[in-house]
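> Handing over structure-v5.cif, mmCIF, C-alpha atoms.
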```cif
data_data
#
loop_
_atom_site.label_atom_id
_atom_site.label_comp_id
_atom_site.auth_asym_id
_atom_site.auth_seq_id
_atom_site.Cartn_x
_atom_site.Cartn_y
_atom_site.Cartn_z
CA MET A 2 94.67 38.48 65.37
CA ARG A 3 96.61 37.67 68.54
CA GLY A 4 99.77 39.04 66.89
CA PHE A 5 97.97 42.25 65.99
CA LEU A 6 96.68 42.73 69.55
CA LYS A 7 100.11 41.95 70.95
CA GLY A 8 101.63 44.56 68.64
CA LEU A 9 98.94 47.08 69.59
CA THR A 10 99.61 46.47 73.27
CA ALA A 11 103.31 47.04 72.74
CA VAL A 12 102.65 50.29 70.86
CA SER A 13 100.31 51.48 73.62
CA ALA A 14 102.91 50.72 76.24
CA LEU A 15 105.53 52.67 74.32
CA CYS A 16 103.14 55.62 74.03
CA LEU A 17 102.51 55.54 77.77
CA MET A 18 106.24 55.38 78.45
CA ALA A 19 106.84 58.30 76.09
CA GLY A 20 104.11 60.30 77.82
CA ALA A 21 105.58 59.57 81.23
CA ALA A 22 109.05 60.53 79.99
CA ALA A 23 107.70 63.78 78.58
CA ALA A 24 106.28 64.89 81.93
CA LYS A 25 108.37 67.67 83.42
CA ASP A 26 108.87 69.39 86.73
CA TYR A 27 108.87 73.14 86.13
CA LYS A 28 110.72 75.24 88.67
CA VAL A 29 109.04 78.60 89.07
CA ALA A 30 110.53 81.57 90.91
CA VAL A 31 107.82 83.67 92.56
CA ILE A 32 108.92 87.15 93.61
CA ARG A 33 106.13 89.10 95.30
CA TRP A 34 105.32 91.64 98.00
CA GLU A 35 105.69 90.74 101.68
CA PRO A 36 104.28 87.39 102.87
CA ASN A 37 101.52 88.89 105.04
CA ASP A 38 100.07 91.03 102.23
CA ILE A 39 96.43 89.91 101.95
CA TYR A 40 96.05 90.74 98.29
CA PHE A 41 99.13 88.89 97.12
CA ASN A 42 98.15 85.89 99.22
CA GLY A 43 95.02 85.87 97.07
CA VAL A 44 97.16 85.98 93.93
CA ALA A 45 99.18 83.06 95.32
CA LEU A 46 95.97 81.10 95.90
CA GLY A 47 94.99 81.58 92.27
CA GLN A 48 98.43 80.50 91.08
CA GLN A 49 98.26 77.39 93.24
CA GLN A 50 94.76 76.55 91.98
CA GLU A 51 95.87 76.85 88.37
CA ALA A 52 99.06 74.84 88.98
CA LYS A 53 96.97 72.04 90.50
CA ARG A 54 94.65 72.04 87.47
CA ILE A 55 97.63 71.96 85.08
CA GLN A 56 99.29 69.12 86.98
CA THR A 57 96.10 67.05 86.95
CA GLU A 58 95.54 67.53 83.22
CA SER A 59 99.13 67.31 81.94
CA GLY A 60 101.05 65.11 84.37
CA ASP A 61 103.66 67.86 84.68
CA THR A 62 104.56 69.20 88.10
CA ILE A 63 105.14 72.80 89.11
CA THR A 64 107.40 73.68 92.02
CA PHE A 65 107.19 77.20 93.44
CA ASN A 66 110.12 78.91 95.15
CA VAL A 67 108.57 81.96 96.77
CA PHE A 68 110.22 85.11 98.10
CA GLY A 69 108.30 88.12 99.37
CA ALA A 70 109.49 91.59 100.40
CA ASN A 71 108.40 95.18 100.05
CA ASP A 72 111.92 96.17 99.10
CA ALA A 73 113.33 96.41 95.58
CA GLY A 74 116.88 95.48 96.61
CA GLN A 75 115.81 92.35 98.48
CA GLN A 76 113.59 91.26 95.60
CA LEU A 77 116.41 91.75 93.11
CA LYS A 78 118.87 89.76 95.22
CA ALA A 79 116.40 86.90 95.66
CA LEU A 80 115.54 86.74 91.96
CA GLN A 81 119.23 86.80 90.98
CA ALA A 82 119.92 83.90 93.36
CA GLN A 83 117.08 81.83 91.90
CA PHE A 84 118.20 82.67 88.35
CA ASP A 85 121.72 81.51 89.19
CA SER A 86 120.47 78.24 90.69
CA GLY A 87 118.20 77.51 87.72
CA VAL A 88 114.53 78.22 87.04
CA ASP A 89 112.15 77.52 84.17
CA GLY A 90 109.96 80.58 84.60
CA VAL A 91 109.31 83.62 86.78
CA LEU A 92 106.17 85.12 88.31
CA LEU A 93 107.15 88.64 89.33
CA THR A 94 105.32 91.31 91.28
CA SER A 95 107.98 93.97 91.68
CA TRP A 96 108.05 96.54 94.46
CA ARG A 97 109.55 99.02 92.02
CA GLY A 98 109.47 97.87 88.42
CA GLU A 99 112.23 100.15 87.21
CA ALA A 100 114.68 98.39 89.58
CA MET A 101 114.10 95.03 87.88
CA ARG A 102 114.87 95.96 84.26
CA SER A 103 118.36 94.47 84.11
CA ILE A 104 117.50 91.12 85.70
CA VAL A 105 114.40 90.69 83.51
CA LYS A 106 116.53 91.33 80.43
CA GLN A 107 118.98 88.66 81.63
CA LEU A 108 116.15 86.19 82.11
CA GLN A 109 114.79 86.84 78.63
CA GLU A 110 118.23 86.48 77.07
CA ALA A 111 118.42 83.07 78.76
CA ASN A 112 114.99 82.18 77.27
CA ILE A 113 113.36 82.06 80.68
CA PRO A 114 109.83 83.47 80.41
CA VAL A 115 108.74 86.19 82.82
CA VAL A 116 105.13 86.98 83.66
CA THR A 117 104.69 90.16 85.68
CA THR A 118 101.58 90.94 87.71
CA ASN A 119 100.06 94.04 89.30
CA ALA A 120 102.85 96.38 88.10
CA TRP A 121 104.98 95.88 85.01
CA VAL A 122 108.71 96.34 84.56
CA PRO A 123 108.84 99.23 82.08
CA GLY A 124 110.82 99.00 78.86
CA VAL A 125 111.54 95.27 78.78
CA LYS A 126 109.99 92.14 77.33
CA GLN A 127 107.43 90.39 79.52
CA THR A 128 103.88 89.07 79.62
CA PHE A 129 101.82 91.21 81.95
CA VAL A 130 98.70 90.21 83.91
CA ALA A 131 96.67 92.76 85.85
CA PHE A 132 93.20 94.13 86.06
CA ASP A 133 92.00 97.39 84.53
CA ASN A 134 93.47 99.76 87.11
CA GLU A 135 92.31 102.92 85.38
CA THR A 136 88.70 101.78 85.32
CA ALA A 137 89.02 100.83 88.99
CA GLY A 138 90.04 104.39 89.85
CA ARG A 139 87.33 105.91 87.67
CA LEU A 140 84.65 103.77 89.31
CA GLY A 141 85.86 104.94 92.71
CA GLY A 142 85.91 108.61 91.71
CA GLU A 143 82.43 108.42 90.21
CA ALA A 144 81.17 106.71 93.37
CA LEU A 145 82.52 109.53 95.55
CA ILE A 146 80.71 112.13 93.47
CA LYS A 147 77.48 110.14 93.47
CA ARG A 148 77.63 109.68 97.25
CA LEU A 149 78.15 113.41 97.79
CA ASP A 150 75.21 114.16 95.51
CA THR A 151 73.09 111.83 97.63
CA LEU A 152 74.35 112.97 101.02
CA ARG A 153 74.63 116.72 100.51
CA GLY A 154 72.61 117.56 97.45
CA GLU A 155 73.92 118.44 94.01
CA GLY A 156 75.11 121.89 95.12
CA TRP A 157 77.87 120.56 97.38
CA ALA A 158 80.70 121.48 95.00
CA GLU A 159 79.72 125.15 95.00
CA LYS A 160 80.65 125.30 98.68
CA GLY A 161 84.15 124.00 98.00
CA GLY A 162 86.21 121.51 99.94
CA VAL A 163 89.07 119.03 99.67
CA PHE A 164 89.41 115.53 98.27
CA ILE A 165 92.34 113.60 99.71
CA GLU A 166 93.99 111.15 97.32
CA LEU A 167 96.19 108.60 99.06
CA ARG A 168 98.77 107.20 96.66
CA CYS A 169 100.98 104.12 97.06
CA ILE A 170 104.05 104.35 94.83
CA ILE A 171 103.77 107.17 92.33
CA THR A 172 106.18 105.55 89.85
CA ALA A 173 104.35 102.18 89.77
CA SER A 174 102.15 101.45 86.75
CA PHE A 175 99.19 100.35 88.88
CA ASP A 176 99.35 103.53 90.97
CA ILE A 177 99.60 105.77 87.92
CA ALA A 178 96.63 104.08 86.26
CA ARG A 179 94.42 104.18 89.37
CA HIS A 180 95.37 107.81 89.93
CA THR A 181 94.47 108.59 86.32
CA GLY A 182 91.10 106.91 86.79
CA TYR A 183 90.30 108.75 90.02
CA ARG A 184 91.29 112.07 88.50
CA SER A 185 89.23 111.52 85.35
CA ALA A 186 86.19 111.78 87.63
CA LEU A 187 87.43 114.36 90.16
CA ASP A 188 89.42 116.81 88.03
CA PRO A 189 86.39 118.10 86.06
CA ILE A 190 84.72 118.99 89.38
CA ALA A 191 87.81 120.87 90.59
CA ALA A 192 88.10 122.65 87.23
CA LYS A 193 84.49 123.79 87.29
CA TYR A 194 84.39 124.80 90.96
CA PRO A 195 87.50 126.75 92.09
CA GLY A 196 86.71 126.07 95.74
CA VAL A 197 87.22 122.33 95.25
CA LYS A 198 90.77 121.07 95.38
CA ILE A 199 92.49 117.69 95.41
CA VAL A 200 95.38 116.99 97.78
CA GLU A 201 97.44 113.93 96.84
CA GLN A 202 100.32 112.43 98.78
CA GLU A 203 102.33 109.21 98.57
CA ALA A 204 102.03 106.94 101.61
CA GLY A 205 103.65 103.75 100.33
CA CYS A 206 100.50 101.60 100.77
CA ASP A 207 101.04 102.09 104.51
CA GLY A 208 98.08 102.66 106.82
CA GLY A 209 100.07 104.51 109.47
CA LYS A 210 101.59 106.94 106.98
CA ALA A 211 98.18 107.45 105.37
CA ARG A 212 96.63 108.28 108.73
CA LYS A 213 99.24 110.97 109.38
CA ILE A 214 98.53 112.47 105.96
CA VAL A 215 94.79 112.57 106.62
CA ASP A 216 95.33 114.01 110.11
CA ASP A 217 97.58 116.73 108.68
CA VAL A 218 95.15 117.68 105.92
CA ILE A 219 92.26 117.86 108.39
CA SER A 220 94.34 120.06 110.68
CA ARG A 221 95.38 122.34 107.83
CA GLU A 222 92.13 122.57 105.88
CA GLY A 223 89.53 122.12 108.61
CA ALA A 224 87.34 119.12 109.37
CA ASP A 225 84.29 120.64 107.68
CA LYS A 226 86.21 120.97 104.38
CA ILE A 227 86.99 117.27 103.81
CA LEU A 228 84.84 116.01 100.93
CA GLY A 229 86.08 112.48 100.43
CA ILE A 230 88.96 110.01 100.36
CA ALA A 231 90.25 108.44 97.15
CA SER A 232 92.58 105.66 98.24
CA ILE A 233 94.78 103.89 95.70
CA ASP A 234 94.55 100.70 97.79
CA GLY A 235 92.50 99.26 100.62
CA THR A 236 95.06 99.51 103.41
CA MET A 237 95.41 103.29 103.28
CA GLY A 238 91.64 103.74 103.23
CA ILE A 239 90.69 101.51 106.14
CA GLY A 240 94.03 101.73 107.95
CA GLY A 241 94.60 105.44 107.43
CA ALA A 242 91.47 107.47 106.67
CA VAL A 243 89.00 105.54 108.83
CA PRO A 244 91.15 105.65 112.02
CA ALA A 245 91.84 109.34 111.44
CA PHE A 246 88.11 110.03 111.17
CA LYS A 247 87.42 107.99 114.31
CA ALA A 248 90.04 109.85 116.32
CA GLN A 249 88.65 113.24 115.30
CA GLU A 250 84.97 112.20 115.67
CA LEU A 251 84.35 112.52 111.95
CA LEU A 252 83.17 108.97 111.34
CA PHE A 253 79.49 109.71 110.83
CA PRO A 254 76.86 107.09 109.92
CA ILE A 255 76.74 106.12 106.25
CA ASP A 256 73.46 108.00 105.58
CA ASP A 257 74.32 111.11 107.63
CA PRO A 258 74.85 114.20 105.41
CA LYS A 259 78.08 114.82 107.34
CA HIS A 260 79.43 111.38 106.40
CA ILE A 261 82.72 111.64 104.47
CA PRO A 262 82.71 109.06 101.66
CA VAL A 263 85.72 106.79 101.22
CA ALA A 264 86.60 104.82 98.08
CA THR A 265 89.21 102.05 98.09
CA ILE A 266 90.68 99.63 95.57
CA ASP A 267 91.51 95.96 96.30
CA GLY A 268 88.56 94.08 97.76
CA THR A 269 89.98 92.48 100.90
CA VAL A 270 87.94 91.06 103.78
CA PRO A 271 88.88 94.01 106.05
CA GLU A 272 87.49 96.36 103.39
CA PHE A 273 84.28 94.35 103.14
CA GLN A 274 83.97 94.34 106.95
CA SER A 275 84.58 98.09 107.04
CA MET A 276 81.84 98.54 104.43
CA ALA A 277 79.49 96.36 106.49
CA ARG A 278 80.11 98.71 109.43
CA GLY A 279 79.19 101.71 107.28
CA GLU A 280 82.71 103.19 107.30
CA ILE A 281 83.57 103.12 103.59
CA ASP A 282 81.35 103.59 100.57
CA HIS A 283 82.83 101.96 97.48
CA ILE A 284 85.35 99.24 96.68
CA SER A 285 86.76 98.63 93.22
CA VAL A 286 87.63 94.95 93.41
CA GLN A 287 91.02 93.89 92.09
CA PRO A 288 90.48 90.17 91.40
CA ALA A 289 93.47 88.56 93.13
CA THR A 290 92.69 84.91 92.41
CA GLY A 291 91.89 85.82 88.81
CA GLU A 292 95.28 87.50 88.49
CA GLY A 293 96.90 84.41 89.94
CA ILE A 294 95.06 81.97 87.67
CA ILE A 295 95.78 83.87 84.46
CA SER A 296 99.42 84.61 85.33
CA MET A 297 100.13 80.93 86.05
CA ARG A 298 98.23 79.89 82.93
CA MET A 299 100.27 82.23 80.74
CA LEU A 300 103.57 81.23 82.34
CA TYR A 301 102.89 77.53 81.83
CA THR A 302 101.96 78.21 78.22
CA LEU A 303 105.30 79.93 77.69
CA MET A 304 107.36 77.38 79.62
CA SER A 305 105.86 74.53 77.60
CA GLY A 306 106.75 76.26 74.32
CA LYS A 307 103.23 77.08 73.17
CA ALA A 308 101.85 80.30 71.69
CA LEU A 309 99.97 82.63 74.00
CA PRO A 310 96.18 82.56 73.50
CA ASP A 311 94.05 85.26 71.94
CA GLU A 312 91.15 86.84 73.82
CA ALA A 313 88.67 84.15 72.78
CA ASN A 314 90.80 81.38 74.27
CA VAL A 315 92.16 82.78 77.54
CA LEU A 316 89.34 81.38 79.66
CA LEU A 317 88.53 77.69 79.64
CA LYS A 318 85.18 76.24 78.67
CA GLY A 319 82.70 76.80 81.50
CA GLU A 320 84.75 79.56 83.21
CA GLU A 321 82.53 82.58 83.87
CA PRO A 322 84.24 84.60 86.62
CA VAL A 323 82.95 87.96 87.80
CA TRP A 324 86.25 89.48 86.56
CA ALA A 325 85.67 88.41 82.96
CA PRO A 326 86.26 89.06 80.12
CA VAL A 327 90.04 88.94 79.88
CA LYS A 328 91.22 91.41 77.26
CA VAL A 329 94.57 91.22 75.46
CA LEU A 330 96.27 94.60 75.02
CA THR A 331 99.65 95.78 73.72
CA PRO A 332 100.80 98.67 75.93
CA GLU A 333 103.63 100.88 74.68
CA ALA A 334 105.48 100.75 78.01
CA ILE A 335 106.45 97.08 77.67
CA GLU A 336 107.40 94.63 74.95
CA GLY A 337 104.65 92.06 75.27
CA SER A 338 100.95 91.46 75.85
CA TRP A 339 98.81 92.62 78.74
CA TYR A 340 96.21 90.04 79.79
CA GLN A 341 93.74 92.37 81.47
CA THR A 342 91.13 91.14 83.93
CA GLN A 343 88.27 93.50 84.78
CA ALA A 344 87.49 95.66 87.79
CA TYR A 345 84.03 95.56 89.33
CA SER A 346 82.17 97.57 91.96
CA VAL A 347 81.08 96.65 95.48
CA PRO A 348 78.31 97.58 95.97
CA GLY A 349 76.93 97.40 92.45
CA ASP A 350 78.22 94.40 90.53
CA ALA A 351 78.43 92.36 93.74
CA ASN A 352 77.81 92.80 97.46
CA TYR A 353 80.52 92.65 100.10
CA ASP A 354 79.27 89.21 101.21
CA ASP A 355 79.26 87.68 97.72
CA PRO A 356 81.17 84.35 97.78
CA ARG A 357 82.58 85.13 94.30
CA ASN A 358 84.72 87.92 95.73
CA TRP A 359 88.29 86.62 95.86
CA ALA A 360 88.83 87.53 99.52
CA ASN A 361 85.70 85.67 100.61
CA GLU A 362 86.76 82.71 98.47
CA MET A 363 90.18 82.71 100.13
CA THR A 364 88.62 82.80 103.61
CA VAL A 365 86.42 79.81 102.78
CA GLU A 366 89.49 77.99 101.42
CA GLN A 367 91.40 78.62 104.65
CA THR A 368 88.66 78.27 107.30
CA GLY A 369 85.80 76.44 105.65
CA LYS A 370 83.37 79.31 106.20
CA MET A 371 82.57 82.82 105.02
CA PRO A 372 84.05 85.84 106.83
CA ASP A 373 82.18 87.43 109.73
CA PHE A 374 80.49 90.64 108.60
CA GLY A 375 78.88 91.38 111.93
CA LYS A 376 78.51 95.12 112.40
#
```
For this file, produce the structure as structure tokens.

Amino acid sequence: MRGFLKGLTAVSALCLMAGAAAAKDYKVAVIRWEPNDIYFNGVALGQQQEAKRIQTESGDTITFNVFGANDAGQQLKALQAQFDSGVDGVLLTSWRGEAMRSIVKQLQEANIPVVTTNAWVPGVKQTFVAFDNETAGRLGGEALIKRLDTLRGEGWAEKGGVFIELRCIITASFDIARHTGYRSALDPIAAKYPGVKIVEQEAGCDGGKARKIVDDVISREGADKILGIASIDGTMGIGGAVPAFKAQELLFPIDDPKHIPVATIDGTVPEFQSMARGEIDHISVQPATGEGIISMRMLYTLMSGKALPDEANVLLKGEEPVWAPVKVLTPEAIEGSWYQTQAYSVPGDANYDDPRNWANEMTVEQTGKMPDFGK
């Protein structure tokens, strides 16, 4: 019996040694938008949370090498440098996806998995993680129409007016999808009522540029003709439209018939605070931490040589996030699967002060308390 136990102990020790030897440090290149971008800091938080969970469960370690810039050339240079120095996987949020085709092809040829988020790199192999951008835009467009019905009565469209659509990067997949969603709600109104028109301009996700656009449209069309703002992101809505309205004394109380409704997409704390002040009307929440968790989960799966999960197995047992379910799609624009998290409405599916909102979660993580929503 003692010999058996001694043999068993030796086998157990060998198994433990084999397990320890199998543990690996994965080097991950993270190429994202600029470091002070609130949304992508939320994505980073989700990636870090998932990496910590993976490390605890597997014994593997994950080392991030992060570079952020809102410039395609700088991103490309940084990714090439990390590729040359050696990486096991890439998390990529490109400024302009079309500029990254060649480097992503090189990575794939070297069997280095690439998971893209927010906007894909068209025409090349990748695993893509993003929320349902088109639904996000549609929810915003429908909210604008509903608010106008409430504020001005259902005959408002007969009097005509102008919707201003503030676009980020018109070639980016996320922008195109959000635009498509907004227009699916607004275009039928413009088609039915000739006096209603939609003015869209690209502002590069920049609040200052968006403000100039709104100022120019107000000057050209007349303040009394502005019907609503459909912003592709949060920054252009609260950093462009709202300041323009304030400067021209058009920022009326939320229940005033003269109030101009504003819809944004992201779900940052500044958007929630703006909503609390009665400045904007609807936010389609893009779940940043969810995007980070799923992108890191898929990248680790690929780096460790496992098959990607089907829809039923993307989320772990007990996970019930507000951005669920995660759908698995096969878009024609890329060679690979799209793991799609879901958009939700604030107000509607959640309130601006809901702790499940990614931006509120991130604030608690950083400060230990919820954001201040004082009006």
> For a quick check of understanding, using all atoms listed in the file, which of A:Tyr183, A:Phe175, A:Tyr27, A:Phe164 has the smallest distance to Val218 (chain A)?
A:Phe164
> At a cut-off of 8 Å, using all atoms listed in the file, what residues contact Val31 (chain A)? Leave out same-chain residues fewer than 2 positions from it and give the result as a list of chain:residue names.
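After dropping sequence-adjacent residues, the list is A:Val29, A:Arg33, A:Phe65, A:Asn66, A:Val67, A:Phe68, A:Val91, A:Leu92, A:Leu93.
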> With a cut-off of 7 Å, could you pull out the residues of region 92-206 of chain A touching region 254-270 of chain A and give me the nearest pair of atoms for each, distance in Å to one decimal, using all atoms listed in the file, ordered by chain and ascending number, as a tab-separated table?

```
residue	atom	partner	partner_atom	distance
A:Ala137	CA	A:Ile266	CA	6.9
A:Gly141	CA	A:Ala264	CA	5.4
A:Leu145	CA	A:Pro262	CA	6.1
A:Arg148	CA	A:Pro262	CA	6.8
A:Leu152	CA	A:Pro258	CA	4.6
A:Arg153	CA	A:Pro258	CA	5.5
```
> Run the PyMOL selection byres ((chain A and resi 154-163) around 8) mentally over the shown coordinates, then write out the matched residues as a list in words, using the chain letters and numbers from the document.
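Residues picked by the PyMOL selection byres ((chain A and resi 154-163) around 8): Leu149, Asp150, Thr151, Leu152, Arg153, Phe164, Ile165, Ile190, Tyr194, Pro195, Gly196, Val197, Lys198, Ile199, Val200, Glu222, Lys226, Ile227, Leu228 and Gly229 of chain A.
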> Per residue of region 42-63 of chain A within 12 Å of region 114-129 of chain A, which atom pair is closest and at what distance in Å (one decimal), using only C-alpha atoms, listed by chain and increasing number, as CSV?

```
residue,atom,partner,partner_atom,distance
A:Val44,CA,A:Thr118,CA,9.1
A:Ala45,CA,A:Thr118,CA,11.2
A:Gln48,CA,A:Thr118,CA,11.4
```
> Take the PyMOL selection byres ((chain A and resi 167-169) around 6), apply it to the structure above, and return the hits as a PyMOL selection string.
chain A and resi 166+170+201-206+232-233
> Would you be able to write out as a ChimeraX atom specification which residues have an atom within 6 Å of (81.2, 89.2, 107.1) in the file's coordinates, counting all atoms listed in the file?
/A:274,372-375
> Can you pull out every residue within 7 Å of Asp216 (chain A), counting only C-alpha atoms, but drop anything in the same chain fewer than 4 positions away, and send it as a PyMOL selection string?
chain A and resi 212+220+245
> Determine the nearest neighbour of Thr136 (chain A) from the options A:Ile335, A:Ala186, A:Ile104, A:Ile63, counting all atoms listed in the file.
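Ranked by minimum distance to Thr136 (chain A), first place goes to A:Ala186.
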> Please report the interatomic distance between CA of Pro332 (chain A) and CA of Leu300 (chain A) in Å with one decimal.
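Here the two named atoms are 18.8 Å from each other.
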> Fewer than 3 positions away in the same chain doesn't count, so skip those; otherwise give me all residues within 12 Å of Gly240 (chain A), counting all atoms listed in the file, as a list in words.
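Near neighbours after the sequence-gap exclusion: Leu167, Ala204, Cys206, Asp207, Gly208, Gly209, Lys210, Ala211, Arg212, Lys213, Ile214, Val215, Ser232, Asp234, Gly235, Thr236, Met237, Val243, Pro244, Ala245, Phe246, Lys247, Val263, Thr265, Pro271, Glu272, Ser275, Glu280 and Ile281 of chain A.
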> Smallest atom-to-atom distance to Leu251 (chain A): which of A:Gly223, A:Pro288, A:Pro322, A:Gly349, using all atoms listed in the file?
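Comparing A:Gly223, A:Pro288, A:Pro322, A:Gly349 against Leu251 (chain A), the winner is A:Gly223.
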> Considering all atoms listed in the file, state which residue in the set A:Ala360, A:Ala231, A:Ile171, A:Ile294 is at the smallest distance from Arg54 (chain A).
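Using all atoms listed in the file, Arg54 (chain A) sits closest to A:Ile294.
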> Nearest to Gly98 (chain A): which of A:Ile113, A:Ala334, A:Ala344, A:Leu252 is it, counting only C-alpha atoms?
A:Ala334
> Quick one: distance from CA of Arg184 (chain A) to CA of Gly293 (chain A) in Å, one decimal?
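If I compute the distance from CA of Arg184 (chain A) to CA of Gly293 (chain A), I get 28.3 Å.
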> Compare A:Gly291, A:Gly138, A:Gly74, A:Pro189 by their minimum atom-to-atom distance to Val323 (chain A), counting all atoms listed in the file, and give me the closest one.
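Closest residue, counting all atoms listed in the file: A:Gly291.
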> Enumerate, as a tab-separated table (two decimals) with C-alpha atoms, keeping the file's coordinate frame, the residues matched when the PyMOL selection byres ((chain A and resi 52) around 10) is run on the file above.

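Output (out_29.tsv):
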```tsv
chain	number	residue	atom	x	y	z
A	46	LEU	CA	95.97	81.10	95.90
A	47	GLY	CA	94.99	81.58	92.27
A	48	GLN	CA	98.43	80.50	91.08
A	49	GLN	CA	98.26	77.39	93.24
A	50	GLN	CA	94.76	76.55	91.98
A	51	GLU	CA	95.87	76.85	88.37
A	53	LYS	CA	96.97	72.04	90.50
A	54	ARG	CA	94.65	72.04	87.47
A	55	ILE	CA	97.63	71.96	85.08
A	56	GLN	CA	99.29	69.12	86.98
A	57	THR	CA	96.10	67.05	86.95
A	58	GLU	CA	95.54	67.53	83.22
A	61	ASP	CA	103.66	67.86	84.68
A	62	THR	CA	104.56	69.20	88.10
A	63	ILE	CA	105.14	72.80	89.11
A	64	THR	CA	107.40	73.68	92.02
A	65	PHE	CA	107.19	77.20	93.44
A	293	GLY	CA	96.90	84.41	89.94
A	294	ILE	CA	95.06	81.97	87.67
A	297	MET	CA	100.13	80.93	86.05
A	298	ARG	CA	98.23	79.89	82.93
A	301	TYR	CA	102.89	77.53	81.83
```
> As an exercise, work out the distance from CA of Ser185 (chain A) to CA of Ile230 (chain A) in Å and give it to one decimal place.
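CA of Ser185 (chain A) sits 15.1 Å away from CA of Ile230 (chain A).
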> Could you put an axis-aligned box around every listed atom of region 60-71 of chain A, padded by 5 Å on each side, and send me its centre and edge lengths in Å to one decimal, as AutoDock Vina command-line options?

```
--center_x 105.6 --center_y 80.1 --center_z 92.4 --size_x 19.2 --size_y 40.1 --size_z 26.0
```
